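To be precise, the following lines are target_32.cif, and they hold mmCIF, C-alpha atoms and all ligand atoms.
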```
data_input
loop_
_atom_site.label_atom_id
_atom_site.label_comp_id
_atom_site.auth_asym_id
_atom_site.auth_seq_id
_atom_site.Cartn_x
_atom_site.Cartn_y
_atom_site.Cartn_z
CA MET A 277 0.00 0.00 0.00
CA ILE A 278 1.21 3.52 -0.79
CA SER A 279 -0.02 6.35 1.43
CA ALA A 280 -0.18 10.14 1.28
CA ALA A 281 -0.29 12.18 4.48
CA GLY A 282 -2.73 14.95 5.34
CA ILE A 283 -5.79 14.01 3.26
CA THR A 284 -8.84 14.83 5.35
CA LYS A 285 -12.52 13.90 5.12
CA ARG A 286 -13.29 17.60 5.01
CA ALA A 287 -11.19 17.96 1.83
CA ILE A 288 -12.87 14.93 0.22
CA ARG A 289 -16.36 16.18 1.13
CA SER A 290 -15.62 19.67 -0.13
CA HIS A 291 -14.20 18.25 -3.38
CA TYR A 292 -17.40 16.34 -4.13
CA ASP A 293 -19.64 19.21 -3.01
CA LEU A 294 -17.85 21.52 -5.45
CA ALA A 295 -16.86 19.20 -8.28
CA THR A 296 -20.08 17.20 -8.71
CA PRO A 297 -21.54 19.63 -11.31
CA PHE A 298 -18.26 19.33 -13.26
CA TYR A 299 -18.46 15.55 -13.12
CA ARG A 300 -22.05 15.69 -14.33
CA LEU A 301 -20.99 17.86 -17.26
CA LEU A 302 -17.94 15.78 -18.06
CA TRP A 303 -19.01 12.23 -17.33
CA GLY A 304 -22.78 12.13 -16.80
CA PRO A 305 -24.44 10.51 -13.77
CA HIS A 306 -21.71 7.90 -13.18
CA ILE A 307 -18.44 9.11 -11.63
CA HIS A 308 -16.22 6.24 -12.69
CA HIS A 309 -14.20 4.79 -15.54
CA GLY A 310 -15.74 3.26 -18.63
CA LEU A 311 -15.01 -0.33 -19.63
CA TRP A 312 -14.07 -0.94 -23.27
CA ASP A 313 -13.30 -4.28 -24.91
CA ASP A 314 -10.20 -3.11 -26.73
CA ALA A 315 -8.48 -0.02 -28.13
CA ASP A 316 -10.59 -0.09 -31.30
CA SER A 317 -13.99 -0.22 -29.61
CA VAL A 318 -16.31 2.60 -30.66
CA LEU A 319 -18.46 2.39 -27.53
CA ALA A 320 -19.41 5.90 -26.30
CA PRO A 321 -18.00 6.86 -22.85
CA ARG A 322 -21.45 6.91 -21.21
CA ASP A 323 -22.19 3.41 -22.57
CA ALA A 324 -18.76 2.22 -21.46
CA GLN A 325 -19.56 3.38 -17.90
CA VAL A 326 -22.83 1.45 -17.95
CA ARG A 327 -20.89 -1.53 -19.32
CA LEU A 328 -18.60 -1.38 -16.28
CA THR A 329 -21.60 -1.20 -13.93
CA ASP A 330 -23.38 -4.11 -15.65
CA THR A 331 -20.23 -6.23 -15.80
CA LEU A 332 -19.67 -5.76 -12.06
CA ALA A 333 -23.35 -6.51 -11.39
CA ASP A 334 -23.10 -9.76 -13.41
CA LEU A 335 -19.92 -10.80 -11.61
CA GLY A 336 -21.53 -9.97 -8.25
CA ARG A 337 -24.70 -11.89 -9.28
CA LEU A 338 -27.03 -9.04 -8.32
CA ARG A 339 -30.62 -10.23 -8.31
CA PRO A 340 -34.11 -8.74 -7.95
CA GLY A 341 -34.89 -7.98 -4.31
CA ASP A 342 -31.25 -7.85 -3.19
CA ARG A 343 -30.63 -5.30 -0.42
CA VAL A 344 -27.55 -3.47 -1.66
CA LEU A 345 -25.30 -1.03 0.18
CA ASP A 346 -23.64 1.30 -2.37
CA VAL A 347 -20.55 2.69 -0.64
CA GLY A 348 -19.66 6.07 -2.13
CA CYS A 349 -22.80 6.42 -4.23
CA GLY A 350 -21.94 9.70 -5.97
CA MET A 351 -24.96 11.06 -7.87
CA GLY A 352 -26.71 7.71 -7.50
CA GLY A 353 -25.62 6.38 -10.92
CA SER A 354 -25.14 2.77 -9.78
CA ALA A 355 -28.00 2.77 -7.27
CA ILE A 356 -30.56 4.02 -9.80
CA HIS A 357 -29.30 1.63 -12.48
CA LEU A 358 -29.37 -1.38 -10.13
CA ALA A 359 -32.87 -0.47 -8.91
CA SER A 360 -34.32 0.13 -12.38
CA SER A 361 -32.55 -2.62 -14.36
CA ARG A 362 -32.20 -5.36 -11.71
CA GLY A 363 -34.92 -4.70 -9.15
CA CYS A 364 -32.48 -4.17 -6.26
CA HIS A 365 -33.22 -2.10 -3.14
CA VAL A 366 -30.25 0.18 -2.71
CA THR A 367 -28.98 2.28 0.19
CA GLY A 368 -26.36 4.73 -1.07
CA VAL A 369 -23.94 6.63 1.15
CA THR A 370 -21.82 9.62 0.25
CA LEU A 371 -19.81 12.21 2.16
CA SER A 372 -21.36 14.98 0.06
CA GLY A 373 -24.66 16.66 0.93
CA LEU A 374 -24.97 17.91 -2.63
CA GLN A 375 -24.60 14.37 -4.00
CA ARG A 376 -27.18 13.01 -1.56
CA ARG A 377 -29.76 15.54 -2.72
CA TRP A 378 -28.81 15.03 -6.36
CA ALA A 379 -29.13 11.24 -6.08
CA GLY A 380 -32.50 11.47 -4.29
CA THR A 381 -33.91 13.82 -6.91
CA ALA A 382 -32.59 11.71 -9.80
CA ALA A 383 -34.08 8.54 -8.26
CA TRP A 384 -37.46 10.26 -7.89
CA TRP A 385 -37.27 11.57 -11.47
CA GLN A 386 -36.50 8.06 -12.77
CA GLY A 387 -39.29 6.42 -10.80
CA VAL A 388 -37.16 4.41 -8.34
CA ALA A 389 -37.47 6.59 -5.23
CA ALA A 390 -39.23 3.77 -3.35
CA MET A 391 -36.36 1.36 -4.09
CA THR A 392 -33.52 3.69 -3.14
CA GLU A 393 -32.37 5.63 -0.11
CA PHE A 394 -29.45 8.03 0.07
CA ARG A 395 -27.61 9.19 3.18
CA ARG A 396 -24.92 11.74 3.74
CA THR A 397 -22.59 9.92 6.08
CA ASP A 398 -19.03 8.69 6.52
CA VAL A 399 -19.10 4.94 5.89
CA GLU A 400 -16.08 4.59 8.19
CA THR A 401 -18.12 5.71 11.21
CA GLU A 402 -21.53 4.35 10.19
CA ALA A 403 -23.04 1.51 12.23
CA PHE A 404 -25.38 -0.44 9.95
CA ALA A 405 -27.23 -3.31 11.57
CA PRO A 406 -25.38 -6.65 11.40
CA GLU A 407 -26.37 -8.85 8.44
CA SER A 408 -28.58 -6.15 6.95
CA PHE A 409 -27.35 -6.36 3.32
CA ASP A 410 -27.19 -9.03 0.61
CA VAL A 411 -24.54 -7.12 -1.34
CA VAL A 412 -21.96 -4.47 -0.52
CA TRP A 413 -21.14 -2.63 -3.74
CA SER A 414 -18.57 0.08 -4.28
CA ILE A 415 -17.18 1.68 -7.42
CA GLU A 416 -14.14 3.89 -6.89
CA CYS A 417 -14.74 4.91 -3.28
CA THR A 418 -12.47 2.67 -1.19
CA GLU A 419 -9.49 4.70 -2.48
CA HIS A 420 -10.76 7.55 -0.26
CA LEU A 421 -11.01 5.48 2.95
CA ALA A 422 -8.48 5.99 5.71
CA ASP A 423 -8.64 2.53 7.30
CA LYS A 424 -9.30 0.01 4.54
CA PRO A 425 -8.67 -3.18 6.60
CA ARG A 426 -11.24 -2.02 9.17
CA PHE A 427 -13.70 -1.12 6.42
CA PHE A 428 -13.65 -4.73 5.20
CA GLU A 429 -14.24 -5.98 8.75
CA HIS A 430 -17.36 -3.79 8.81
CA VAL A 431 -18.41 -5.04 5.36
CA ALA A 432 -18.22 -8.65 6.58
CA SER A 433 -20.42 -7.83 9.57
CA TRP A 434 -23.02 -5.90 7.51
CA LEU A 435 -23.45 -8.77 5.04
CA ARG A 436 -25.80 -11.64 5.72
CA PRO A 437 -24.08 -15.05 5.58
CA GLY A 438 -23.74 -15.87 1.87
CA GLY A 439 -23.88 -12.15 0.98
CA ARG A 440 -21.60 -10.78 -1.72
CA VAL A 441 -19.06 -8.01 -2.24
CA ALA A 442 -18.57 -6.28 -5.63
CA ILE A 443 -15.89 -3.61 -5.81
CA CYS A 444 -13.91 -1.65 -8.39
CA ALA A 445 -10.89 0.35 -7.25
CA TRP A 446 -7.81 2.22 -8.40
CA LEU A 447 -4.77 0.24 -7.27
CA ALA A 448 -1.06 0.70 -6.74
CA ALA A 449 0.89 -1.92 -8.70
CA GLU A 450 2.45 -4.69 -6.62
CA ASP A 451 5.97 -3.43 -7.34
CA ALA A 452 5.21 0.31 -7.01
CA ALA A 453 6.42 0.62 -3.40
CA ALA A 454 9.87 -0.70 -4.37
CA SER A 455 10.37 1.58 -7.38
CA PRO A 456 11.06 5.28 -6.63
CA ASP A 457 9.55 6.40 -9.98
CA LYS A 458 6.39 4.36 -9.64
CA ARG A 459 5.99 5.24 -5.97
CA SER A 460 6.26 8.93 -6.80
CA GLN A 461 3.62 8.59 -9.54
CA VAL A 462 1.22 6.85 -7.16
CA GLU A 463 1.86 9.47 -4.45
CA GLN A 464 1.06 12.25 -6.92
CA VAL A 465 -2.21 10.53 -7.81
CA CYS A 466 -3.05 10.10 -4.09
CA GLU A 467 -2.49 13.79 -3.45
CA ALA A 468 -4.30 15.12 -6.53
CA PHE A 469 -7.29 12.76 -6.20
CA LEU A 470 -7.55 12.84 -2.39
CA CYS A 471 -6.74 9.21 -1.66
CA PRO A 472 -5.16 8.66 1.79
CA SER A 473 -3.71 5.46 0.31
CA LEU A 474 -3.92 3.11 -2.66
CA GLY A 475 -3.73 -0.62 -2.05
CA SER A 476 -2.58 -3.30 -4.50
CA PHE A 477 -4.43 -6.41 -5.68
CA SER A 478 -2.78 -8.43 -2.92
CA ASP A 479 -3.55 -5.78 -0.27
CA TYR A 480 -7.27 -5.91 -1.10
CA ARG A 481 -7.27 -9.70 -1.19
CA GLY A 482 -5.50 -9.82 2.19
CA TRP A 483 -7.89 -7.29 3.81
CA MET A 484 -10.92 -9.21 2.60
CA GLU A 485 -9.57 -12.60 3.64
CA ARG A 486 -8.54 -11.35 7.08
CA ALA A 487 -12.10 -10.02 7.50
CA GLY A 488 -13.39 -13.57 6.88
CA LEU A 489 -14.54 -13.02 3.29
CA ILE A 490 -13.87 -15.50 0.48
CA VAL A 491 -12.46 -13.84 -2.64
CA ASP A 492 -14.19 -15.39 -5.67
CA GLY A 493 -12.38 -13.47 -8.36
CA THR A 494 -10.15 -10.53 -9.22
CA HIS A 495 -9.95 -8.85 -12.62
CA ASP A 496 -7.32 -6.50 -13.96
CA TRP A 497 -9.20 -4.05 -16.19
CA THR A 498 -6.36 -1.49 -16.52
CA ASP A 499 -6.09 -1.68 -20.31
CA ARG A 500 -9.86 -1.64 -20.71
CA VAL A 501 -10.47 1.54 -18.66
CA ALA A 502 -7.42 3.75 -19.34
CA ARG A 503 -9.02 5.43 -22.33
CA THR A 504 -11.35 7.24 -19.89
CA TRP A 505 -8.59 9.72 -19.05
CA GLU A 506 -7.69 10.49 -22.66
CA LEU A 507 -11.33 11.31 -23.30
CA CYS A 508 -11.59 13.36 -20.08
CA GLU A 509 -8.61 15.47 -20.99
CA SER A 510 -9.92 16.31 -24.43
CA ARG A 511 -13.42 17.04 -23.09
CA VAL A 512 -12.10 19.30 -20.31
CA ARG A 513 -10.32 21.38 -22.96
CA ALA A 514 -13.23 21.33 -25.41
CA LEU A 515 -15.70 22.51 -22.73
CA GLY A 516 -13.28 25.09 -21.24
CA ILE A 517 -13.52 23.48 -17.78
CA HIS A 518 -9.74 23.88 -17.26
CA ARG A 519 -10.21 27.68 -17.45
CA LEU A 520 -13.30 27.76 -15.24
CA ALA A 521 -12.14 25.46 -12.42
CA PRO A 522 -9.33 27.61 -10.91
CA TRP A 523 -11.83 30.46 -10.41
CA ILE A 524 -14.12 28.25 -8.40
CA ASP A 525 -11.57 26.37 -6.32
CA PRO A 526 -7.80 25.88 -6.95
CA ALA A 527 -8.12 22.28 -5.69
CA GLN A 528 -10.40 21.50 -8.65
CA ALA A 529 -7.71 22.81 -10.98
CA LEU A 530 -5.14 20.50 -9.35
CA PHE A 531 -7.46 17.58 -9.92
CA ILE A 532 -8.01 18.46 -13.58
CA ASP A 533 -4.29 19.07 -14.18
CA HIS A 534 -3.56 15.54 -13.02
CA PHE A 535 -5.66 13.58 -15.50
CA SER A 536 -2.45 12.97 -17.44
CA THR A 537 -0.66 11.86 -14.24
CA LEU A 538 -3.20 9.10 -13.80
CA LEU A 539 -3.02 8.06 -17.44
CA GLY A 540 0.81 8.07 -17.16
CA ALA A 541 0.62 5.88 -14.05
CA TYR A 542 -1.50 3.30 -15.89
CA ARG A 543 0.84 3.37 -18.89
CA SER A 544 4.03 3.03 -16.83
CA GLY A 545 2.58 0.17 -14.79
CA ALA A 546 2.64 2.18 -11.53
CA MET A 547 -1.12 1.78 -11.16
CA GLN A 548 -3.79 -0.76 -12.06
CA TYR A 549 -7.56 -0.81 -12.12
CA GLY A 550 -9.06 -3.75 -10.28
CA CYS A 551 -12.39 -5.47 -9.83
CA PHE A 552 -13.04 -7.79 -6.89
CA VAL A 553 -15.91 -10.13 -6.11
CA ALA A 554 -16.13 -11.94 -2.80
CA HIS A 555 -18.68 -13.43 -0.41
CA ARG A 556 -19.24 -14.03 3.26
CA PRO A 557 -19.37 -17.78 3.93
CA SER A 558 -22.80 -19.15 4.72
CA ARG A 559 -23.33 -20.42 8.27
CA ALA A 560 -23.29 -24.03 7.10
CA ALA A 561 -19.86 -23.44 5.55
CA GLY A 562 -18.64 -22.12 8.89
C1 LIG B 1 -15.29 8.70 -7.48
S1 LIG B 1 -16.81 8.94 -6.62
C2 LIG B 1 -17.66 7.46 -7.14
C3 LIG B 1 -19.15 7.63 -7.10
C4 LIG B 1 -20.01 6.46 -7.54
N1 LIG B 1 -19.58 5.21 -6.93
C5 LIG B 1 -20.06 6.33 -9.02
O1 LIG B 1 -19.45 5.39 -9.50
O2 LIG B 1 -20.70 7.13 -9.67
C6 LIG B 1 -16.37 8.61 -4.92
C7 LIG B 1 -17.53 8.65 -3.96
O3 LIG B 1 -17.08 8.16 -2.69
C8 LIG B 1 -17.70 8.94 -1.69
N2 LIG B 1 -16.92 8.81 -0.44
C9 LIG B 1 -15.61 9.06 -0.24
N3 LIG B 1 -15.28 8.80 1.04
C10 LIG B 1 -16.40 8.38 1.66
C11 LIG B 1 -16.72 7.98 2.97
N4 LIG B 1 -15.79 7.96 3.94
N5 LIG B 1 -18.00 7.64 3.27
C12 LIG B 1 -18.95 7.67 2.32
N6 LIG B 1 -18.72 8.02 1.02
C13 LIG B 1 -17.46 8.39 0.70
C14 LIG B 1 -17.72 10.34 -2.26
O4 LIG B 1 -18.62 11.16 -1.54
C15 LIG B 1 -18.15 10.02 -3.70
O5 LIG B 1 -19.54 9.91 -3.75
#
```
As a first step, turn the structure in this file into structure tokens.
Amino acid sequence: MISAAGITKRAIRSHYDLATPFYRLLWGPHIHHGLWDDADSVLAPRDAQVRLTDTLADLGRLRPGDRVLDVGCGMGGSAIHLASSRGCHVTGVTLSGLQRRWAGTAAWWQGVAAMTEFRRTDVETEAFAPESFDVVWSIECTEHLADKPRFFEHVASWLRPGGRVAICAWLAAEDAAASPDKRSQVEQVCEAFLCPSLGSFSDYRGWMERAGLIVDGTHDWTDRVARTWELCESRVRALGIHRLAPWIDPAQALFIDHFSTLLGAYRSGAMQYGCFVAHRPSRAAG
């Protein structure tokens, strides 16, 4: 795991309170990478984001009636999609008050208000009832968590026996800590994108296993998602967001300036993009 000091919840909350309208403009309702098949795919970015959501939902075997906790729900992109396309009942949590209101309004507008609930809360201090979810789902939020091993202990307790975990996350490469160049690239990403740390594939596997979860599969999607940042960079320039952002908040400008840092970290092998599916053993299995 590679860490960056001094990243506070207040900074993360304020980033999402301020940057959410930019994300909406740039990416649409989902704040995460798209998933393409290969470099030649003509899939539009919005469709590639839905592809990532659907692929994770298939791997996590999400079914009608599942009670899903969406950790880091953003504008409700996943929650609304899972409710409307798969019949899931989703509780979404976000640090941002703006995102909570946005997600609630979007769910009402799309006719799934009764199947969704959104809370502004820190998942690291939240006490959900034990065994109250069938699935814990998270796309690109665990990067922001301060104590990832403890988070997975909580996840295991919130899941019913047999319940599943479906997660996508930005990762530090296994060898990044030992290479000064790669480590520095990952540290720059942590600072610009407000991640207190980035774990590797083996870190995540270890945290889940130590929490008593069984890891069913891991997928390296780095090459299939990296194009997201090329498209972001060109859209930011085309829409003039790079000129607007510094006037609103210099931190937003830092974030935008580092799109190429992230792309460079994928290309150099300093970072990876990972998908994880896991489950809590049923009682019979011990
Ligand atoms: C990159 S966005 C991803 C949003 C959403 N999963 C999506 O794919 O559209 C990260 C999200 O994590 C949330 N987040 C970060 N730290 C959190 C925490 N400690 N508790 C709850 N949510 C958190 C942010 O508020 C934001 O909604």
Tell me which of A:Tyr542, A:Trp384, A:Trp413, A:Phe552 sits closest to ligand LIG 1 (chain B), counting all atoms listed in the file.
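Using all atoms listed in the file, ligand LIG 1 (chain B) sits closest to A:Trp413.
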Selection within 6 Å of ligand LIG 1 (chain B) by all atoms listed in the file, output as an MDAnalysis selection string:
chainID A and resid 292 306:308 347:350 353 369:372 397:400 414:417 420:421
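Nearest-residue note for A:Glu485: choosing from A:Val553, A:Arg327, A:Arg343, A:Arg300, the minimum distance belongs to A:Val553, counting only C-alpha atoms.
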Interatomic distance between atom CA of A:Gly363 and atom CA of A:Leu319?
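Answer for the atom CA of A:Gly363 to atom CA of A:Leu319 separation: 25.7 Å.
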Skipping near chain neighbours, those fewer than 4 positions away, what residues fall within 12 Å of A:Gly540 using all atoms listed in the file, listed as an NGL selection string?
:A and (457-458 or 460-462 or 464-465 or 498 or 502-503 or 505-506 or 534-536 or 544-548)
Between atom CA of A:Ser279 and atom CA of A:Cys471, what distance in Å does the model show, to one decimal?
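Atom-to-atom, atom CA of A:Ser279 to atom CA of A:Cys471, that is 7.9 Å.
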Separation of atom CA of A:Ser558 from atom CA of A:Phe428, in Å and rounded to one decimal
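Value for the atom CA of A:Ser558-atom CA of A:Phe428 distance: 17.1 Å.
Closest approach to A:Ala379 from the set A:Glu402, A:Asp346, A:Glu467, A:Asp410 is made by A:Asp346, with distances taken over only C-alpha atoms.
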For a quick check of your reading of the model, name the residues lying within 7 Å of the coordinate (-25.8, -17.0, 5.7), counting only C-alpha atoms, and write them as a list in words.
Arg436, Pro437, Gly438, Pro557, Ser558 and Arg559 of chain A
Residues at most 10 Å from A:Lys424, counting all atoms listed in the file, excluding those fewer than 5 positions away in the same chain, as a ChimeraX atom specification?
/A:400,418-419,429-430,472-475,479-480,483-484
Quick one: write out the picked residues with C-alpha atoms as a short mmCIF file (atom, residue, chain, number, x, y, z; two decimals), in the frame of the given file?
```cif
data_model
loop_
_atom_site.label_atom_id
_atom_site.label_comp_id
_atom_site.auth_asym_id
_atom_site.auth_seq_id
_atom_site.Cartn_x
_atom_site.Cartn_y
_atom_site.Cartn_z
CA GLU A 400 -16.08 4.59 8.19
CA THR A 418 -12.47 2.67 -1.19
CA GLU A 419 -9.49 4.70 -2.48
CA GLU A 429 -14.24 -5.98 8.75
CA HIS A 430 -17.36 -3.79 8.81
CA PRO A 472 -5.16 8.66 1.79
CA SER A 473 -3.71 5.46 0.31
CA LEU A 474 -3.92 3.11 -2.66
CA GLY A 475 -3.73 -0.62 -2.05
CA ASP A 479 -3.55 -5.78 -0.27
CA TYR A 480 -7.27 -5.91 -1.10
CA TRP A 483 -7.89 -7.29 3.81
CA MET A 484 -10.92 -9.21 2.60
#
```
Skipping near chain neighbours, those fewer than 3 positions away, what residues fall within 12 Å of A:Pro340 using all atoms listed in the file, listed as an MDAnalysis selection string?
chainID A and resid 333 337 343:344 358:366 391 410:411
Residues within 6 Å of (-29.0, 8.6, -4.4), file coords, only C-alpha atoms, listed as a PyMOL selection string:
chain A and resi 351-352+368+376+379-380+394
Counting only C-alpha atoms, figure out which residue out of A:Ala422, A:Ala454, A:Val412, A:Ile356 gets nearest to A:Ala390.
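Under the stated criterion, the closest residue is A:Ile356.
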Counting all atoms listed in the file, the residue of A:Ala389, A:Ile490, A:Val501, A:Ala541 that sits nearest A:Ser317:
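For A:Ser317, the nearest of the candidates is A:Val501.
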Have a look at A:Val431, A:Ala452, A:Trp378, A:Thr494 and name the one nearest to A:Ala403; count only C-alpha atoms.
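Of the candidates, the smallest distance to A:Ala403 is held by A:Val431.
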